[in-house]
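What follows is the content of run-v2.cif, which has mmCIF, C-alpha atoms and all ligand atoms:
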data_coords
loop_
_atom_site.label_atom_id
_atom_site.label_comp_id
_atom_site.auth_asym_id
_atom_site.auth_seq_id
_atom_site.Cartn_x
_atom_site.Cartn_y
_atom_site.Cartn_z
CA MET A 5 -12.82 -13.85 -20.37
CA ASP A 6 -15.67 -16.24 -21.32
CA LYS A 7 -18.80 -15.14 -23.19
CA GLY A 8 -21.02 -15.24 -20.06
CA THR A 9 -18.68 -12.96 -18.15
CA GLN A 10 -18.45 -10.57 -21.12
CA LYS A 11 -22.27 -10.33 -21.28
CA GLU A 12 -22.48 -9.57 -17.56
CA ARG A 13 -19.74 -6.91 -17.86
CA SER A 14 -21.51 -5.20 -20.78
CA LYS A 15 -24.83 -5.18 -18.82
CA LEU A 16 -23.06 -3.57 -15.87
CA ASP A 17 -21.35 -1.00 -18.15
CA LYS A 18 -24.73 0.00 -19.66
CA LYS A 19 -26.22 0.30 -16.19
CA ASP A 20 -23.25 2.44 -15.08
CA SER A 21 -23.45 4.79 -18.07
CA SER A 22 -27.22 5.28 -17.83
CA GLY A 23 -26.77 6.01 -14.09
CA LEU A 24 -24.11 8.60 -14.96
CA GLU A 25 -26.34 10.24 -17.57
CA GLU A 26 -29.16 10.48 -15.02
CA LEU A 27 -26.80 12.03 -12.50
CA VAL A 28 -25.56 14.63 -15.03
CA ALA A 29 -29.15 15.44 -16.09
CA SER A 30 -30.24 15.92 -12.48
CA MET A 31 -27.22 18.14 -11.74
CA GLU A 32 -28.00 20.26 -14.82
CA GLU A 33 -31.60 20.58 -13.71
CA THR A 34 -30.51 21.71 -10.24
CA ILE A 35 -28.09 24.31 -11.71
CA GLN A 36 -30.77 25.66 -14.08
CA LYS A 37 -33.27 25.87 -11.23
CA GLU A 38 -30.76 27.83 -9.11
CA GLU A 39 -29.94 30.13 -12.05
CA ARG A 40 -33.64 30.84 -12.64
CA GLU A 41 -33.95 31.83 -8.98
CA ILE A 42 -31.03 34.30 -9.27
CA TYR A 43 -31.18 35.69 -12.84
CA THR A 44 -34.02 37.00 -14.99
CA GLU A 45 -35.14 35.05 -18.04
CA ARG A 46 -33.67 37.75 -20.33
CA THR A 47 -30.26 37.53 -18.60
CA LEU A 48 -30.16 33.76 -19.03
CA GLU A 49 -31.25 34.07 -22.68
CA GLU A 50 -28.47 36.63 -23.40
CA ALA A 51 -25.88 34.62 -21.44
CA TYR A 52 -26.61 31.31 -23.18
CA ASN A 53 -27.26 32.77 -26.66
CA PRO A 54 -25.17 35.97 -26.77
CA LYS A 55 -25.16 38.19 -29.86
CA ASN A 56 -22.12 39.90 -31.41
CA VAL A 57 -19.46 37.61 -29.91
CA GLY A 58 -16.02 37.93 -31.52
CA GLU A 59 -13.52 40.43 -32.85
CA LEU A 60 -13.60 42.75 -35.89
CA LYS A 61 -10.75 43.01 -38.39
CA ASN A 62 -9.19 46.49 -38.18
CA PRO A 63 -11.77 47.93 -35.76
CA ASP A 64 -12.28 51.72 -35.85
CA GLY A 65 -12.50 51.76 -32.06
CA ALA A 66 -11.35 49.13 -29.56
CA ALA A 67 -10.95 48.76 -25.82
CA ARG A 68 -10.28 46.05 -23.28
CA VAL A 69 -11.17 46.81 -19.68
CA THR A 70 -10.74 44.75 -16.51
CA GLY A 71 -13.47 44.91 -13.87
CA PRO A 72 -12.97 44.98 -10.10
CA CYS A 73 -13.34 41.18 -10.01
CA GLY A 74 -10.44 40.70 -12.48
CA ASP A 75 -12.69 39.69 -15.40
CA THR A 76 -12.05 41.36 -18.74
CA LEU A 77 -14.36 42.61 -21.46
CA GLN A 78 -13.26 43.73 -24.91
CA ILE A 79 -15.39 45.70 -27.38
CA HIS A 80 -14.65 46.38 -31.06
CA LEU A 81 -16.50 49.00 -33.13
CA LYS A 82 -16.85 49.59 -36.85
CA VAL A 83 -17.96 53.14 -37.65
CA GLU A 84 -19.15 54.46 -41.03
CA GLY A 85 -19.74 58.17 -41.34
CA ASP A 86 -20.63 58.78 -37.74
CA THR A 87 -22.74 55.68 -37.26
CA ILE A 88 -21.73 52.49 -35.49
CA VAL A 89 -22.43 49.82 -38.08
CA ASP A 90 -20.98 46.88 -36.15
CA SER A 91 -20.01 46.15 -32.59
CA THR A 92 -18.64 42.93 -31.10
CA PHE A 93 -17.38 41.76 -27.72
CA ILE A 94 -15.45 38.98 -26.03
CA THR A 95 -15.17 38.32 -22.32
CA ASP A 96 -13.40 35.87 -20.05
CA GLY A 97 -15.89 36.75 -17.33
CA CYS A 98 -19.07 35.38 -15.82
CA GLY A 99 -22.38 34.62 -17.55
CA ALA A 100 -23.71 38.03 -16.46
CA SER A 101 -20.81 39.80 -18.19
CA THR A 102 -21.60 37.82 -21.37
CA ALA A 103 -25.24 38.96 -21.10
CA CYS A 104 -24.13 42.58 -20.55
CA GLY A 105 -21.69 42.43 -23.51
CA SER A 106 -24.45 41.06 -25.73
CA VAL A 107 -26.94 43.76 -24.71
CA ILE A 108 -24.54 46.72 -24.87
CA THR A 109 -23.16 45.84 -28.32
CA GLU A 110 -26.77 45.54 -29.59
CA LEU A 111 -27.58 48.93 -28.04
CA ALA A 112 -24.55 50.56 -29.70
CA LYS A 113 -25.30 49.33 -33.22
CA GLY A 114 -27.07 51.89 -35.41
CA LYS A 115 -26.35 54.77 -33.01
CA THR A 116 -24.08 57.72 -33.72
CA VAL A 117 -20.89 57.92 -31.68
CA GLU A 118 -22.31 60.76 -29.57
CA GLU A 119 -25.56 58.86 -28.97
CA ALA A 120 -23.62 55.74 -27.96
CA LEU A 121 -21.61 57.79 -25.46
CA THR A 122 -24.84 58.31 -23.50
CA ILE A 123 -25.37 54.55 -22.97
CA LYS A 124 -25.06 53.77 -19.28
CA ASP A 125 -24.92 50.68 -17.09
CA LYS A 126 -28.49 51.40 -15.95
CA ASP A 127 -29.68 50.97 -19.58
CA VAL A 128 -28.16 47.48 -19.63
CA LEU A 129 -29.64 46.65 -16.22
CA SER A 130 -33.04 47.84 -17.30
CA ILE A 131 -33.03 45.62 -20.43
CA LEU A 132 -31.90 42.61 -18.40
CA GLY A 133 -34.53 43.30 -15.73
CA GLY A 134 -31.80 43.81 -13.10
CA LEU A 135 -28.89 41.69 -11.88
CA PRO A 136 -28.06 40.28 -8.45
CA GLU A 137 -26.00 42.58 -6.20
CA ASP A 138 -22.78 40.62 -6.89
CA ASN A 139 -23.18 41.17 -10.65
CA ILE A 140 -24.13 44.86 -10.78
CA HIS A 141 -20.49 45.67 -11.66
CA CYS A 142 -20.74 43.45 -14.79
CA ALA A 143 -23.08 46.07 -16.33
CA LEU A 144 -20.71 48.87 -15.31
CA LEU A 145 -17.79 46.97 -16.87
CA ALA A 146 -19.74 46.75 -20.15
CA ALA A 147 -20.61 50.48 -20.08
CA ASN A 148 -17.02 51.47 -19.24
CA THR A 149 -15.63 49.29 -22.03
CA LEU A 150 -18.02 50.76 -24.61
CA ARG A 151 -17.07 54.27 -23.50
CA ALA A 152 -13.34 53.44 -23.78
CA ALA A 153 -13.84 51.99 -27.30
CA LEU A 154 -15.72 55.15 -28.34
CA GLU A 155 -12.97 57.37 -26.89
CA ASP A 156 -10.40 55.29 -28.77
CA TYR A 157 -12.36 55.88 -32.01
CA LYS A 158 -12.56 59.63 -31.34
CA SER A 159 -8.87 59.96 -30.65
CA LYS A 160 -7.97 58.04 -33.85
CA ILE A 161 -10.26 60.30 -35.87
CA ASP A 162 -8.55 63.32 -34.35
CA TRP A 163 -5.12 61.99 -35.36
CA LYS A 164 -6.35 61.32 -38.91
CA ARG A 165 -7.72 64.86 -39.16
CA ARG A 166 -4.46 66.33 -37.89
CA LYS A 167 -2.54 64.31 -40.45
CA GLU A 168 -4.83 65.49 -43.26
CA VAL A 169 -4.34 69.16 -42.38
CA ASN A 170 -0.62 68.55 -41.94
CA GLU A 171 -0.69 69.55 -38.31
CA SER A 172 2.60 68.70 -36.60
CA MET A 173 2.40 65.40 -34.73
CA LYS A 174 5.24 64.05 -32.62
CA LEU A 175 5.36 60.40 -31.59
CA CYS A 176 7.86 58.95 -29.16
CA ILE A 177 9.04 55.32 -29.10
CA PRO A 178 11.44 53.74 -26.54
CA THR A 179 14.30 52.11 -28.50
CA LEU A 180 17.44 50.04 -28.11
CA GLY A 181 19.91 52.30 -29.92
CA ASN A 182 20.46 55.11 -32.39
CA GLY A 183 19.04 53.46 -35.52
CA GLY A 184 16.28 56.02 -36.12
CA LEU A 185 13.25 54.62 -37.94
CA ASP A 186 14.92 51.17 -38.26
CA ASP A 187 15.70 50.89 -34.57
CA VAL A 188 14.03 48.19 -32.48
CA VAL A 189 11.30 49.01 -29.95
CA SER A 190 12.50 48.40 -26.40
CA GLU A 191 10.20 46.22 -24.29
CA HIS A 192 11.10 48.14 -21.11
CA PHE A 193 10.14 51.76 -21.31
CA GLY A 194 12.07 52.99 -18.24
CA ARG A 195 15.19 51.02 -19.08
CA ALA A 196 15.26 51.84 -22.83
CA PRO A 197 18.66 53.40 -23.67
CA THR A 198 17.11 55.83 -26.16
CA PHE A 199 13.83 57.38 -27.24
CA ILE A 200 13.10 58.20 -30.86
CA VAL A 201 10.88 61.22 -31.39
CA VAL A 202 9.33 61.28 -34.87
CA ASN A 203 7.31 64.10 -36.37
CA ILE A 204 5.12 62.00 -38.65
CA THR A 205 4.05 65.01 -40.68
CA ASN A 206 7.54 65.58 -42.09
CA ASN A 207 9.39 62.43 -40.86
CA GLU A 208 11.85 64.49 -38.82
CA VAL A 209 13.63 62.12 -36.40
CA HIS A 210 15.22 63.10 -33.15
CA VAL A 211 17.05 60.68 -30.77
CA VAL A 212 16.88 61.39 -27.05
CA ALA A 213 19.24 59.55 -24.67
CA ASN A 214 17.58 58.13 -21.57
CA THR A 215 19.04 60.06 -18.66
CA GLY A 216 16.21 59.06 -16.32
CA GLU A 217 16.63 57.42 -12.93
CA HIS A 218 15.66 53.94 -14.22
CA PHE A 219 18.67 54.11 -16.54
CA GLY A 220 21.14 55.23 -13.92
CA GLY A 221 20.50 58.96 -14.32
CA VAL A 222 18.22 61.36 -12.50
CA GLY A 223 14.62 62.47 -12.88
CA ASN A 224 11.51 60.88 -14.35
CA THR A 225 11.67 59.46 -17.85
CA PRO A 226 8.18 60.77 -18.81
CA ASP A 227 9.48 64.31 -18.17
CA LEU A 228 12.28 63.68 -20.69
CA VAL A 229 9.73 62.57 -23.27
CA ALA A 230 7.58 65.64 -22.62
CA ALA A 231 10.60 67.94 -22.89
CA ALA A 232 11.29 66.44 -26.34
CA GLY A 233 7.84 67.70 -27.42
CA ALA A 234 6.21 64.26 -27.83
CA GLU A 235 2.41 64.20 -27.85
CA VAL A 236 1.95 60.44 -28.16
CA MET A 237 3.99 57.60 -26.71
CA LEU A 238 4.02 54.18 -28.47
CA CYS A 239 5.44 51.31 -26.42
CA SER A 240 5.06 47.60 -25.89
CA GLY A 241 3.53 47.93 -22.41
CA LEU A 242 3.63 50.29 -19.46
CA GLY A 243 2.97 50.17 -15.73
CA PRO A 244 0.06 52.07 -14.16
CA ARG A 245 2.34 54.65 -12.48
CA ALA A 246 3.98 55.69 -15.76
CA ILE A 247 0.58 55.79 -17.54
CA ASN A 248 -0.62 58.14 -14.85
CA MET A 249 2.46 60.37 -15.20
CA PHE A 250 2.01 60.60 -18.97
CA GLU A 251 -1.67 61.42 -18.49
CA GLN A 252 -0.73 64.32 -16.24
CA LEU A 253 1.76 65.54 -18.83
CA GLY A 254 -0.99 65.46 -21.49
CA ILE A 255 0.75 62.69 -23.49
CA GLU A 256 -1.40 59.89 -24.92
CA VAL A 257 0.03 56.38 -24.54
CA TYR A 258 -0.61 53.45 -26.88
CA VAL A 259 0.54 49.91 -26.06
CA GLY A 260 1.23 46.84 -28.20
CA ALA A 261 4.12 48.33 -30.25
CA ARG A 262 6.70 45.81 -31.45
CA GLY A 263 9.31 45.34 -34.16
CA THR A 264 11.00 48.47 -35.48
CA VAL A 265 10.06 52.11 -34.99
CA GLN A 266 8.55 52.09 -38.48
CA ASP A 267 6.48 48.98 -37.61
CA ALA A 268 5.18 50.72 -34.47
CA ILE A 269 4.21 53.87 -36.39
CA ARG A 270 2.51 51.81 -39.10
CA ALA A 271 0.54 49.86 -36.45
CA PHE A 272 -0.48 53.13 -34.72
CA GLN A 273 -1.67 54.66 -37.98
CA ALA A 274 -3.58 51.47 -38.87
CA GLY A 275 -5.37 51.70 -35.51
CA GLU A 276 -3.84 48.43 -34.28
CA LEU A 277 -2.39 49.76 -31.01
CA ILE A 278 -4.55 50.07 -27.91
CA GLU A 279 -4.79 53.25 -25.86
CA ALA A 280 -3.22 52.56 -22.45
CA SER A 281 -5.40 52.59 -19.39
CA ASP A 282 -5.07 51.36 -15.85
CA ALA A 283 -6.91 48.25 -17.01
CA ASN A 284 -4.32 47.17 -19.58
CA ALA A 285 -1.27 48.39 -17.62
CA CYS A 286 1.52 45.81 -17.07
CA LYS A 287 0.98 44.96 -13.45
CA GLU A 288 4.43 43.33 -13.30
CA HIS A 289 6.07 46.58 -14.42
CA ARG A 290 5.34 49.02 -11.65
CA HIS A 291 7.17 51.81 -13.51
FE1 LIG A 301 -17.05 40.44 -12.65
FE2 LIG A 301 -19.12 39.46 -13.95
S1 LIG A 301 -17.64 40.79 -14.70
S2 LIG A 301 -18.43 38.88 -11.98
#
Just give me the structure of the file as structure tokens.
Amino acid sequence: MDKGTQKERSKLDKKDSSGLEELVASMEETIQKEEREIYTERTLEEAYNPKNVGELKNPDGAARVTGPCGDTLQIHLKVEGDTIVDSTFITDGCGASTACGSVITELAKGKTVEEALTIKDKDVLSILGGLPEDNIHCALLAANTLRAALEDYKSKIDWKRRKEVNESMKLCIPTLGNGGLDDVVSEHFGRAPTFIVVNITNNEVHVVANTGEHFGGVGNTPDLVAAAGAEVMLCSGLGPRAINMFEQLGIEVYVGARGTVQDAIRAFQAGELIEASDANACKEHRH
């Protein structure tokens, strides 16, 4: 290519790139104009510059909830005494859910757990100056997630207290064999060959064979677990139907257990497992 042609090409390239920049700038302006027509100034400020984004190491309370639109919000809490000293959130949802997460975590900080339990979606909406009809549920998702994180904190505190006063506490873990505390956690609750029931107050271990219908036997597996006296179930994941059955039997379920039975118990005691809810149920495991 000769020098003259090169010069012409570079002029054209510059023209092209400045045209592209103009196009991008005008598109951005149009989007911002549309957003200003739909959302309040406060909502846009919170969505573009959210506070408290992220996760806390070893949170005292944690919850992840999925809204009706499929978007998820997670809240972590750090509690000292009875006061929430830190609160963070992450979301894979819309800008409005980011704004709601930012506002609700700010509202929770500095409040006692009981005070924070009174925070409602209408409080978030009132701070944001309202949301369009399609985004009202984003505020409800934030309020529901905060409530679930607070409930998670309260249930952990209750377990700690029971441990301190040496109250009997029986945990159940679906396992692959008869190895007791060294056995491996089964990924499929219904199809686990055995269940280990551990009284963590005195380390008494009891192995229950799975005679439920999912393992070729009869009856519901949650009933077996209840009959063994378990109060808490630790598993890797569970379907919504089983979560519901355990709820009706008064057994709390925590998900995220992996490794050996001892690993699962350690993770539960360290507050690393998440209390099961319909929102974090394995949708592919309808058992
Ligand atoms: Fe569903 Fe915002 S959380 S659209």
Protein and nucleic acid residues within 10 Å of ligand LIG 301 (chain A) (only C-alpha atoms and all ligand atoms) as a PDB file with C-alpha atoms, keeping the file's coordinate frame:
ATOM      1  CA  THR A  70     -10.740  44.750 -16.510  1.00  0.00           C
ATOM      2  CA  GLY A  71     -13.470  44.910 -13.870  1.00  0.00           C
ATOM      3  CA  PRO A  72     -12.970  44.980 -10.100  1.00  0.00           C
ATOM      4  CA  CYS A  73     -13.340  41.180 -10.010  1.00  0.00           C
ATOM      5  CA  GLY A  74     -10.440  40.700 -12.480  1.00  0.00           C
ATOM      6  CA  ASP A  75     -12.690  39.690 -15.400  1.00  0.00           C
ATOM      7  CA  THR A  76     -12.050  41.360 -18.740  1.00  0.00           C
ATOM      8  CA  LEU A  77     -14.360  42.610 -21.460  1.00  0.00           C
ATOM      9  CA  THR A  95     -15.170  38.320 -22.320  1.00  0.00           C
ATOM     10  CA  ASP A  96     -13.400  35.870 -20.050  1.00  0.00           C
ATOM     11  CA  GLY A  97     -15.890  36.750 -17.330  1.00  0.00           C
ATOM     12  CA  CYS A  98     -19.070  35.380 -15.820  1.00  0.00           C
ATOM     13  CA  GLY A  99     -22.380  34.620 -17.550  1.00  0.00           C
ATOM     14  CA  ALA A 100     -23.710  38.030 -16.460  1.00  0.00           C
ATOM     15  CA  SER A 101     -20.810  39.800 -18.190  1.00  0.00           C
ATOM     16  CA  THR A 102     -21.600  37.820 -21.370  1.00  0.00           C
ATOM     17  CA  ALA A 103     -25.240  38.960 -21.100  1.00  0.00           C
ATOM     18  CA  CYS A 104     -24.130  42.580 -20.550  1.00  0.00           C
ATOM     19  CA  GLY A 105     -21.690  42.430 -23.510  1.00  0.00           C
ATOM     20  CA  ASP A 138     -22.780  40.620  -6.890  1.00  0.00           C
ATOM     21  CA  ASN A 139     -23.180  41.170 -10.650  1.00  0.00           C
ATOM     22  CA  ILE A 140     -24.130  44.860 -10.780  1.00  0.00           C
ATOM     23  CA  HIS A 141     -20.490  45.670 -11.660  1.00  0.00           C
ATOM     24  CA  CYS A 142     -20.740  43.450 -14.790  1.00  0.00           C
ATOM     25  CA  ALA A 143     -23.080  46.070 -16.330  1.00  0.00           C
ATOM     26  CA  LEU A 144     -20.710  48.870 -15.310  1.00  0.00           C
ATOM     27  CA  LEU A 145     -17.790  46.970 -16.870  1.00  0.00           C
ATOM     28  CA  ALA A 146     -19.740  46.750 -20.150  1.00  0.00           C
TER      29      ALA A 146
END
Task: Local residues around (7.3, 63.2, -20.5), at most 8 Å away, using all atoms listed in the file, as a list of chain:residue names - done: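 Residues close enough to count: A:Asn224, A:Thr225, A:Pro226, A:Asp227, A:Leu228, A:Val229, A:Ala230, A:Ala231, A:Ala232, A:Ala234, A:Met249, A:Phe250, A:Leu253, A:Ile255.
With atom CA of A:Gly241 on one side and atom CA of A:Val259 on the other, the separation reads 5.1 Å.
When all atoms listed in the file are used to compute distances to A:Leu175, the closest of the residues A:Asn248, A:Ser159, A:Gln273, A:Ser91 turns out to be A:Gln273.
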Open item on the list: Distance cut-off 12 Å, centre (-16.4, 50.1, -22.8) in file coordinates, counting all atoms listed in the file: which residues qualify? Return them as a VMD selection string.
Closed with: chain A and resid 65 to 71 76 to 81 91 to 95 104 to 105 108 to 109 112 120 to 125 142 to 157 281 283
- [ ] For each of A:Pro244, A:Gly275, A:Gly260, A:Pro197, take the minimum atom-to-atom distance to A:Gly181, counting all atoms listed in the file, then give the residue where this is smallest.
- [x]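 The answer is A:Pro197, which sits nearest to A:Gly181.
Taking atom CA of A:Leu135 and atom CA of A:Gln36 as the two end points, the separation is 16.3 Å.
Atom to atom, atom CA of A:Phe199 and atom CA of A:Thr179 stand 5.4 Å apart.
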Task: Spatial neighbours of A:Asn203, max dist 6 Å, all atoms listed in the file, sep filter under 4 positions, as a list in words - done: Met173, Lys174, Asn207 and Glu208 of chain A
With C-alpha atoms retained, could you export that selection as a PDB file, in the coordinates of the input?
ATOM      1  CA  MET A 173       2.400  65.400 -34.730  1.00  0.00           C
ATOM      2  CA  LYS A 174       5.240  64.050 -32.620  1.00  0.00           C
ATOM      3  CA  ASN A 207       9.390  62.430 -40.860  1.00  0.00           C
ATOM      4  CA  GLU A 208      11.850  64.490 -38.820  1.00  0.00           C
TER       5      GLU A 208
END
Task: Test item: residues at most 10 Å from stretch 192-194 of chain A, only C-alpha atoms, excluding those fewer than 2 positions along its chain, as a ChimeraX atom specification - done: /A:177-180,189-190,196-199,214-219,224-226,238-243,246,289,291
Which residues, written as an mmCIF file with C-alpha atoms, in the frame of the given file, have at least one atom at most 9 Å from A:Asp86, with all atoms listed in the file counted and residues fewer than 3 positions away on the same chain left out?
data_model
loop_
_atom_site.group_PDB
_atom_site.id
_atom_site.type_symbol
_atom_site.label_atom_id
_atom_site.label_comp_id
_atom_site.auth_asym_id
_atom_site.auth_seq_id
_atom_site.Cartn_x
_atom_site.Cartn_y
_atom_site.Cartn_z
ATOM 1 C CA VAL A 83 -17.960 53.140 -37.650
ATOM 2 C CA LYS A 115 -26.350 54.770 -33.010
ATOM 3 C CA THR A 116 -24.080 57.720 -33.720
ATOM 4 C CA VAL A 117 -20.890 57.920 -31.680
ATOM 5 C CA GLU A 118 -22.310 60.760 -29.570
#
Open item on the list: Under the rule that all atoms listed in the file are counted, which of A:Gly263, A:Pro136, A:Gly183, A:Gly23 is the nearest residue to A:Ile200?
Closed with: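 For A:Ile200, the nearest of the given residues is A:Gly183.
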Open item on the list: Which residue is closest to A:Leu129? Choose from A:Thr47, A:Asp90, A:Asn56, A:Gly85 and count all atoms listed in the file.
Closed with: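 Among the listed residues, the smallest separation from A:Leu129 belongs to A:Thr47.
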Task: For A:Ser106: contacts at 8 Å, all atoms listed in the file, fewer than 6 positions along chain excluded, given as a ChimeraX atom specification - done: /A:50-51,54-57,93
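Of the listed residues (A:Lys160, A:Arg195, A:Arg165, A:His210), A:Lys160 comes nearest to A:Tyr258; the distances count only C-alpha atoms.
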